[in-house]
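Asker: Contents of input34.tsv (TSV, N, CA and C atoms and all ligand atoms) are given next:
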chain	number	residue	atom	x	y	z
A	1	MET	N	14.95	-2.90	5.60
A	1	MET	CA	13.83	-2.13	6.12
A	1	MET	C	12.95	-3.03	6.96
A	2	LYS	N	12.41	-2.46	8.02
A	2	LYS	CA	11.50	-3.21	8.89
A	2	LYS	C	10.26	-3.60	8.09
A	3	ARG	N	9.83	-4.84	8.27
A	3	ARG	CA	8.59	-5.28	7.63
A	3	ARG	C	7.45	-5.05	8.61
A	4	HIS	N	6.75	-3.93	8.38
A	4	HIS	CA	5.61	-3.62	9.25
A	4	HIS	C	4.51	-4.65	9.04
A	5	LYS	N	3.78	-4.98	10.10
A	5	LYS	CA	2.79	-6.05	10.00
A	5	LYS	C	1.35	-5.57	10.13
A	6	THR	N	1.14	-4.47	10.86
A	6	THR	CA	-0.22	-3.95	11.04
A	6	THR	C	-0.16	-2.43	11.26
A	7	PHE	N	-1.30	-1.78	11.08
A	7	PHE	CA	-1.48	-0.42	11.60
A	7	PHE	C	-2.95	-0.26	11.94
A	8	LYS	N	-3.23	0.71	12.80
A	8	LYS	CA	-4.60	0.97	13.23
A	8	LYS	C	-5.20	2.08	12.38
A	9	LEU	N	-6.47	1.92	12.05
A	9	LEU	CA	-7.21	2.94	11.31
A	9	LEU	C	-8.59	2.99	11.95
A	10	GLY	N	-8.80	4.03	12.80
A	10	GLY	CA	-10.03	4.06	13.59
A	10	GLY	C	-10.10	2.78	14.41
A	11	PRO	N	-11.24	2.08	14.36
A	11	PRO	CA	-11.37	0.85	15.15
A	11	PRO	C	-10.75	-0.37	14.46
A	12	HIS	N	-10.26	-0.19	13.24
A	12	HIS	CA	-9.77	-1.33	12.46
A	12	HIS	C	-8.27	-1.55	12.64
A	13	THR	N	-7.87	-2.80	12.60
A	13	THR	CA	-6.46	-3.14	12.48
A	13	THR	C	-6.23	-3.64	11.06
A	14	ILE	N	-5.41	-2.91	10.34
A	14	ILE	CA	-5.13	-3.30	8.96
A	14	ILE	C	-3.88	-4.19	8.95
A	15	LYS	N	-4.01	-5.36	8.36
A	15	LYS	CA	-2.89	-6.30	8.29
A	15	LYS	C	-2.08	-6.05	7.01
A	16	ILE	N	-0.78	-6.24	7.12
A	16	ILE	CA	0.12	-6.07	5.97
A	16	ILE	C	0.78	-7.42	5.71
A	17	LYS	N	0.56	-7.93	4.51
A	17	LYS	CA	1.14	-9.22	4.12
A	17	LYS	C	2.10	-9.00	2.96
A	18	TYR	N	3.15	-9.79	2.95
A	18	TYR	CA	4.16	-9.68	1.90
A	18	TYR	C	4.12	-10.95	1.06
A	19	ALA	N	4.17	-10.78	-0.25
A	19	ALA	CA	4.00	-11.92	-1.15
A	19	ALA	C	4.99	-11.84	-2.30
A	20	LYS	N	5.25	-12.99	-2.90
A	20	LYS	CA	6.05	-13.04	-4.14
A	20	LYS	C	5.09	-13.21	-5.30
A	21	ASP	N	5.47	-12.62	-6.44
A	21	ASP	CA	4.68	-12.77	-7.68
A	21	ASP	C	3.20	-12.45	-7.46
A	22	LEU	N	2.95	-11.31	-6.84
A	22	LEU	CA	1.58	-10.87	-6.57
A	22	LEU	C	0.87	-10.57	-7.90
A	23	LYS	N	-0.34	-11.11	-8.03
A	23	LYS	CA	-1.12	-10.90	-9.26
A	23	LYS	C	-2.55	-10.52	-8.92
A	24	GLY	N	-3.15	-9.71	-9.79
A	24	GLY	CA	-4.56	-9.36	-9.64
A	24	GLY	C	-5.44	-10.45	-10.21
A	25	ASP	N	-6.75	-10.26	-10.10
A	25	ASP	CA	-7.71	-11.24	-10.62
A	25	ASP	C	-7.55	-11.42	-12.13
A	26	ASP	N	-7.08	-10.34	-12.79
A	26	ASP	CA	-6.92	-10.41	-14.25
A	26	ASP	C	-5.56	-10.99	-14.67
A	27	GLY	N	-4.77	-11.42	-13.67
A	27	GLY	CA	-3.49	-12.06	-13.98
A	27	GLY	C	-2.33	-11.10	-14.14
A	28	ARG	N	-2.60	-9.80	-14.07
A	28	ARG	CA	-1.51	-8.82	-14.17
A	28	ARG	C	-0.70	-8.79	-12.88
A	29	SER	N	0.62	-8.58	-13.02
A	29	SER	CA	1.47	-8.44	-11.84
A	29	SER	C	1.15	-7.15	-11.11
A	30	LEU	N	1.18	-7.21	-9.80
A	30	LEU	CA	0.86	-6.04	-8.97
A	30	LEU	C	1.98	-5.80	-7.97
A	31	TYR	N	2.31	-4.52	-7.75
A	31	TYR	CA	3.23	-4.18	-6.66
A	31	TYR	C	2.50	-4.25	-5.32
A	32	GLY	N	1.22	-3.92	-5.34
A	32	GLY	CA	0.47	-3.96	-4.09
A	32	GLY	C	-1.01	-3.94	-4.35
A	33	VAL	N	-1.77	-4.32	-3.34
A	33	VAL	CA	-3.23	-4.27	-3.47
A	33	VAL	C	-3.82	-4.06	-2.07
A	34	ALA	N	-4.90	-3.28	-2.03
A	34	ALA	CA	-5.63	-3.03	-0.78
A	34	ALA	C	-6.96	-3.77	-0.87
A	35	ILE	N	-7.19	-4.69	0.05
A	35	ILE	CA	-8.44	-5.45	0.05
A	35	ILE	C	-9.24	-4.99	1.26
A	36	PHE	N	-10.17	-4.07	1.00
A	36	PHE	CA	-10.86	-3.37	2.09
A	36	PHE	C	-11.66	-4.32	2.98
A	37	HIS	N	-12.42	-5.24	2.38
A	37	HIS	CA	-13.30	-6.08	3.20
A	37	HIS	C	-12.52	-7.08	4.06
A	38	LEU	N	-11.25	-7.27	3.77
A	38	LEU	CA	-10.42	-8.15	4.60
A	38	LEU	C	-9.46	-7.35	5.50
A	39	ASN	N	-9.55	-6.01	5.43
A	39	ASN	CA	-8.62	-5.15	6.17
A	39	ASN	C	-7.16	-5.60	5.97
A	40	THR	N	-6.83	-5.87	4.72
A	40	THR	CA	-5.51	-6.41	4.42
A	40	THR	C	-4.88	-5.72	3.22
A	41	ILE	N	-3.59	-5.43	3.36
A	41	ILE	CA	-2.78	-4.92	2.26
A	41	ILE	C	-1.77	-6.02	1.90
A	42	TYR	N	-1.65	-6.29	0.61
A	42	TYR	CA	-0.60	-7.19	0.13
A	42	TYR	C	0.45	-6.35	-0.60
A	43	VAL	N	1.71	-6.63	-0.31
A	43	VAL	CA	2.82	-5.94	-0.97
A	43	VAL	C	3.72	-7.00	-1.60
A	44	CYS	N	4.08	-6.77	-2.86
A	44	CYS	CA	4.95	-7.74	-3.56
A	44	CYS	C	6.41	-7.44	-3.23
A	45	THR	N	7.16	-8.49	-2.92
A	45	THR	CA	8.58	-8.33	-2.57
A	45	THR	C	9.50	-8.90	-3.64
A	46	GLN	N	8.93	-9.66	-4.57
A	46	GLN	CA	9.78	-10.32	-5.57
A	46	GLN	C	8.94	-10.72	-6.77
A	47	PHE	N	9.45	-10.43	-7.98
A	47	PHE	CA	8.83	-10.91	-9.22
A	47	PHE	C	9.80	-11.90	-9.84
A	48	GLY	N	9.45	-13.16	-9.87
A	48	GLY	CA	10.36	-14.19	-10.37
A	48	GLY	C	11.62	-14.17	-9.53
A	49	ALA	N	12.79	-14.02	-10.20
A	49	ALA	CA	14.06	-14.00	-9.47
A	49	ALA	C	14.43	-12.58	-9.03
A	50	ASP	N	13.63	-11.59	-9.45
A	50	ASP	CA	13.99	-10.19	-9.18
A	50	ASP	C	13.33	-9.69	-7.90
A	51	LYS	N	14.18	-9.32	-6.95
A	51	LYS	CA	13.66	-8.71	-5.72
A	51	LYS	C	13.21	-7.28	-6.01
A	52	VAL	N	12.12	-6.88	-5.38
A	52	VAL	CA	11.63	-5.50	-5.51
A	52	VAL	C	12.47	-4.63	-4.57
A	53	ASP	N	12.90	-3.47	-5.05
A	53	ASP	CA	13.70	-2.54	-4.22
A	53	ASP	C	12.95	-2.19	-2.94
A	54	GLU	N	13.70	-2.08	-1.86
A	54	GLU	CA	13.10	-1.74	-0.56
A	54	GLU	C	12.33	-0.41	-0.63
A	55	GLU	N	12.89	0.54	-1.38
A	55	GLU	CA	12.24	1.85	-1.50
A	55	GLU	C	10.88	1.71	-2.21
A	56	VAL	N	10.81	0.82	-3.17
A	56	VAL	CA	9.55	0.58	-3.89
A	56	VAL	C	8.54	-0.10	-2.96
A	57	ILE	N	9.02	-1.04	-2.15
A	57	ILE	CA	8.15	-1.72	-1.19
A	57	ILE	C	7.57	-0.69	-0.21
A	58	GLU	N	8.43	0.20	0.26
A	58	GLU	CA	8.00	1.25	1.20
A	58	GLU	C	6.95	2.16	0.56
A	59	HIS	N	7.19	2.57	-0.69
A	59	HIS	CA	6.24	3.42	-1.40
A	59	HIS	C	4.94	2.68	-1.67
A	60	THR	N	5.04	1.42	-2.01
A	60	THR	CA	3.83	0.62	-2.28
A	60	THR	C	2.96	0.53	-1.03
A	61	LEU	N	3.59	0.27	0.11
A	61	LEU	CA	2.84	0.19	1.36
A	61	LEU	C	2.15	1.52	1.66
A	62	ALA	N	2.87	2.62	1.49
A	62	ALA	CA	2.27	3.94	1.73
A	62	ALA	C	1.11	4.19	0.77
A	63	HIS	N	1.27	3.81	-0.48
A	63	HIS	CA	0.22	3.97	-1.49
A	63	HIS	C	-1.04	3.19	-1.09
A	64	GLU	N	-0.85	1.95	-0.72
A	64	GLU	CA	-2.02	1.13	-0.35
A	64	GLU	C	-2.65	1.64	0.96
A	65	ALA	N	-1.83	2.16	1.87
A	65	ALA	CA	-2.36	2.74	3.11
A	65	ALA	C	-3.24	3.95	2.78
A	66	VAL	N	-2.81	4.79	1.84
A	66	VAL	CA	-3.62	5.95	1.45
A	66	VAL	C	-4.95	5.48	0.86
A	67	HIS	N	-4.93	4.38	0.08
A	67	HIS	CA	-6.21	3.82	-0.40
A	67	HIS	C	-7.12	3.51	0.78
A	68	PHE	N	-6.56	2.93	1.84
A	68	PHE	CA	-7.36	2.61	3.03
A	68	PHE	C	-7.88	3.88	3.70
A	69	PHE	N	-7.03	4.93	3.80
A	69	PHE	CA	-7.47	6.18	4.44
A	69	PHE	C	-8.66	6.76	3.68
A	70	LEU	N	-8.54	6.84	2.35
A	70	LEU	CA	-9.59	7.45	1.53
A	70	LEU	C	-10.87	6.61	1.58
A	71	ASN	N	-10.73	5.29	1.61
A	71	ASN	CA	-11.90	4.41	1.72
A	71	ASN	C	-12.58	4.63	3.07
A	72	TYR	N	-11.78	4.73	4.12
A	72	TYR	CA	-12.31	4.95	5.47
A	72	TYR	C	-13.07	6.27	5.55
A	73	LEU	N	-12.59	7.27	4.81
A	73	LEU	CA	-13.22	8.60	4.80
A	73	LEU	C	-14.35	8.70	3.77
A	74	ASN	N	-14.67	7.58	3.13
A	74	ASN	CA	-15.70	7.54	2.08
A	74	ASN	C	-15.41	8.50	0.94
A	75	LEU	N	-14.14	8.72	0.65
A	75	LEU	CA	-13.74	9.57	-0.47
A	75	LEU	C	-13.43	8.66	-1.67
A	76	HIS	N	-14.50	8.02	-2.17
A	76	HIS	CA	-14.30	6.96	-3.17
A	76	HIS	C	-13.86	7.51	-4.53
A	77	ASP	N	-14.33	8.74	-4.88
A	77	ASP	CA	-13.88	9.31	-6.16
A	77	ASP	C	-12.37	9.55	-6.12
A	78	MET	N	-11.90	10.11	-4.99
A	78	MET	CA	-10.46	10.34	-4.85
A	78	MET	C	-9.72	9.01	-4.84
A	79	ASN	N	-10.32	8.00	-4.23
A	79	ASN	CA	-9.67	6.70	-4.12
A	79	ASN	C	-9.48	6.04	-5.48
A	80	GLY	N	-10.35	6.40	-6.43
A	80	GLY	CA	-10.22	5.85	-7.78
A	80	GLY	C	-9.20	6.58	-8.63
A	81	ASN	N	-8.63	7.65	-8.08
A	81	ASN	CA	-7.66	8.47	-8.81
A	81	ASN	C	-6.25	8.05	-8.38
A	82	ASP	N	-5.70	7.05	-9.06
A	82	ASP	CA	-4.42	6.48	-8.62
A	82	ASP	C	-3.26	7.48	-8.64
A	83	PRO	N	-3.16	8.37	-9.65
A	83	PRO	CA	-2.08	9.37	-9.60
A	83	PRO	C	-2.18	10.25	-8.35
A	84	LEU	N	-3.41	10.59	-7.95
A	84	LEU	CA	-3.58	11.38	-6.73
A	84	LEU	C	-3.14	10.58	-5.50
A	85	VAL	N	-3.52	9.32	-5.46
A	85	VAL	CA	-3.13	8.44	-4.34
A	85	VAL	C	-1.60	8.36	-4.27
A	86	ASP	N	-0.97	8.26	-5.44
A	86	ASP	CA	0.49	8.19	-5.50
A	86	ASP	C	1.13	9.46	-4.96
A	87	THR	N	0.58	10.60	-5.34
A	87	THR	CA	1.13	11.88	-4.89
A	87	THR	C	0.94	12.03	-3.38
A	88	LEU	N	-0.25	11.73	-2.88
A	88	LEU	CA	-0.51	11.83	-1.44
A	88	LEU	C	0.43	10.91	-0.66
A	89	SER	N	0.63	9.70	-1.15
A	89	SER	CA	1.49	8.76	-0.41
A	89	SER	C	2.94	9.21	-0.44
A	90	ALA	N	3.40	9.78	-1.57
A	90	ALA	CA	4.78	10.27	-1.65
A	90	ALA	C	4.99	11.44	-0.69
A	91	VAL	N	4.02	12.34	-0.62
A	91	VAL	CA	4.11	13.49	0.29
A	91	VAL	C	4.10	13.02	1.75
A	92	MET	N	3.23	12.06	2.05
A	92	MET	CA	3.14	11.52	3.40
A	92	MET	C	4.46	10.87	3.82
A	93	LEU	N	5.03	10.07	2.91
A	93	LEU	CA	6.30	9.40	3.22
A	93	LEU	C	7.41	10.42	3.44
A	94	GLN	N	7.47	11.44	2.59
A	94	GLN	CA	8.49	12.46	2.74
A	94	GLN	C	8.36	13.18	4.07
A	95	TYR	N	7.11	13.46	4.45
A	95	TYR	CA	6.87	14.13	5.73
A	95	TYR	C	7.47	13.30	6.87
A	96	PHE	N	7.13	12.02	6.93
A	96	PHE	CA	7.62	11.19	8.05
A	96	PHE	C	9.12	10.97	7.99
A	97	LYS	N	9.69	10.92	6.78
A	97	LYS	CA	11.13	10.67	6.65
A	97	LYS	C	11.99	11.89	6.92
A	98	THR	N	11.38	13.08	6.78
A	98	THR	CA	12.19	14.30	6.95
A	98	THR	C	11.85	15.05	8.24
A	99	LEU	N	10.88	14.53	8.98
A	99	LEU	CA	10.47	15.18	10.22
A	99	LEU	C	11.62	15.17	11.22
A	100	LYS	N	11.96	16.36	11.75
A	100	LYS	CA	13.11	16.45	12.69
A	100	LYS	C	12.65	17.03	14.01
B	1	ZN	ZN	-3.47	2.43	-6.26
So that I can check it, write out the structure of this file as structure tokens.
Answerer:
Amino acid sequence: MKRHKTFKLGPHTIKIKYAKDLKGDDGRSLYGVAIFHLNTIYVCTQFGADKVDEEVIEHTLAHEAVHFFLNYLNLHDMNGNDPLVDTLSAVMLQYFKTLK
């Protein structure tokens, strides 16, 4: 799969970085994280010796992108609802993948 590097959101350019063994501040492993004040998304590609499936990487990127969309729209309550973010990102991905 192509490793996308940036996308535009209004006047912002959001950077996409790929990392191994991505962890949060609390030390938990993360598939992805959206850091709004840095306009950056990190996506994990490998945990230890285990590569993350390309499909999971794609879904993680879409999930973190939706976090950025909701933050940009000041929909912070929705942004805190991770199951909703997951559903929106899955629907968005399906739309782009099945568009003919
Ligand atoms: Zn999330």
Asker: Find the residue from A:Gly10, A:Gly48, A:Gly24, A:Gly32 that sits nearest to ligand ZN 1 (chain B); use only C-alpha atoms and all ligand atoms when measuring.
Answerer: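 Of the candidates, the smallest distance to ligand ZN 1 (chain B) is held by A:Gly32.
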Asker: Taking the chain letters and numbering used in this document, name the residues of chain A that DSSP puts in alpha helix (DSSP H), as number ranges by chain.
Answerer: A: 54-72, 76-79, 82-98
Asker: Using all atoms listed in the file, pick whichever of A:Phe96, A:Ser29, A:His37, A:Val85 has the shortest atom-to-atom distance to ligand ZN 1 (chain B).
Answerer: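 Distance minimum relative to ligand ZN 1 (chain B) lands on A:Val85.
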Asker: Throw together the list of residues within 8 Å of ligand ZN 1 (chain B), counting all atoms listed in the file, and drop it here as a ChimeraX atom specification.
Answerer: /A:32-34,63-64,66-67,79-83,85-86
Asker: Near A:Leu9, within 8 Å and counting only N, CA and C atoms, which residues show up once chain neighbours fewer than 5 positions away are dropped, as a list in words?
Answerer: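 So the residues in contact are Ile14, Phe68, Phe69 and Tyr72 of chain A.
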Asker: Which one of A:Lys17, A:His59, A:Lys8, A:Lys23 sits closest to A:Thr87 if you count only C-alpha atoms?
Answerer: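 Selected residue with least distance to A:Thr87: A:His59.
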Asker: Using the file's own x, y and z axes, what box holds all listed atoms of stretch 67-75 of chain A with 8 Å on each side, keeping edges along x, y and z, and what are its centre and edge lengths in Å to one decimal, as lines of an AutoDock Vina configuration file?
Answerer:
center_x = -10.3
center_y = 6.1
center_z = 1.9
size_x = 26.8
size_y = 23.0
size_z = 23.2
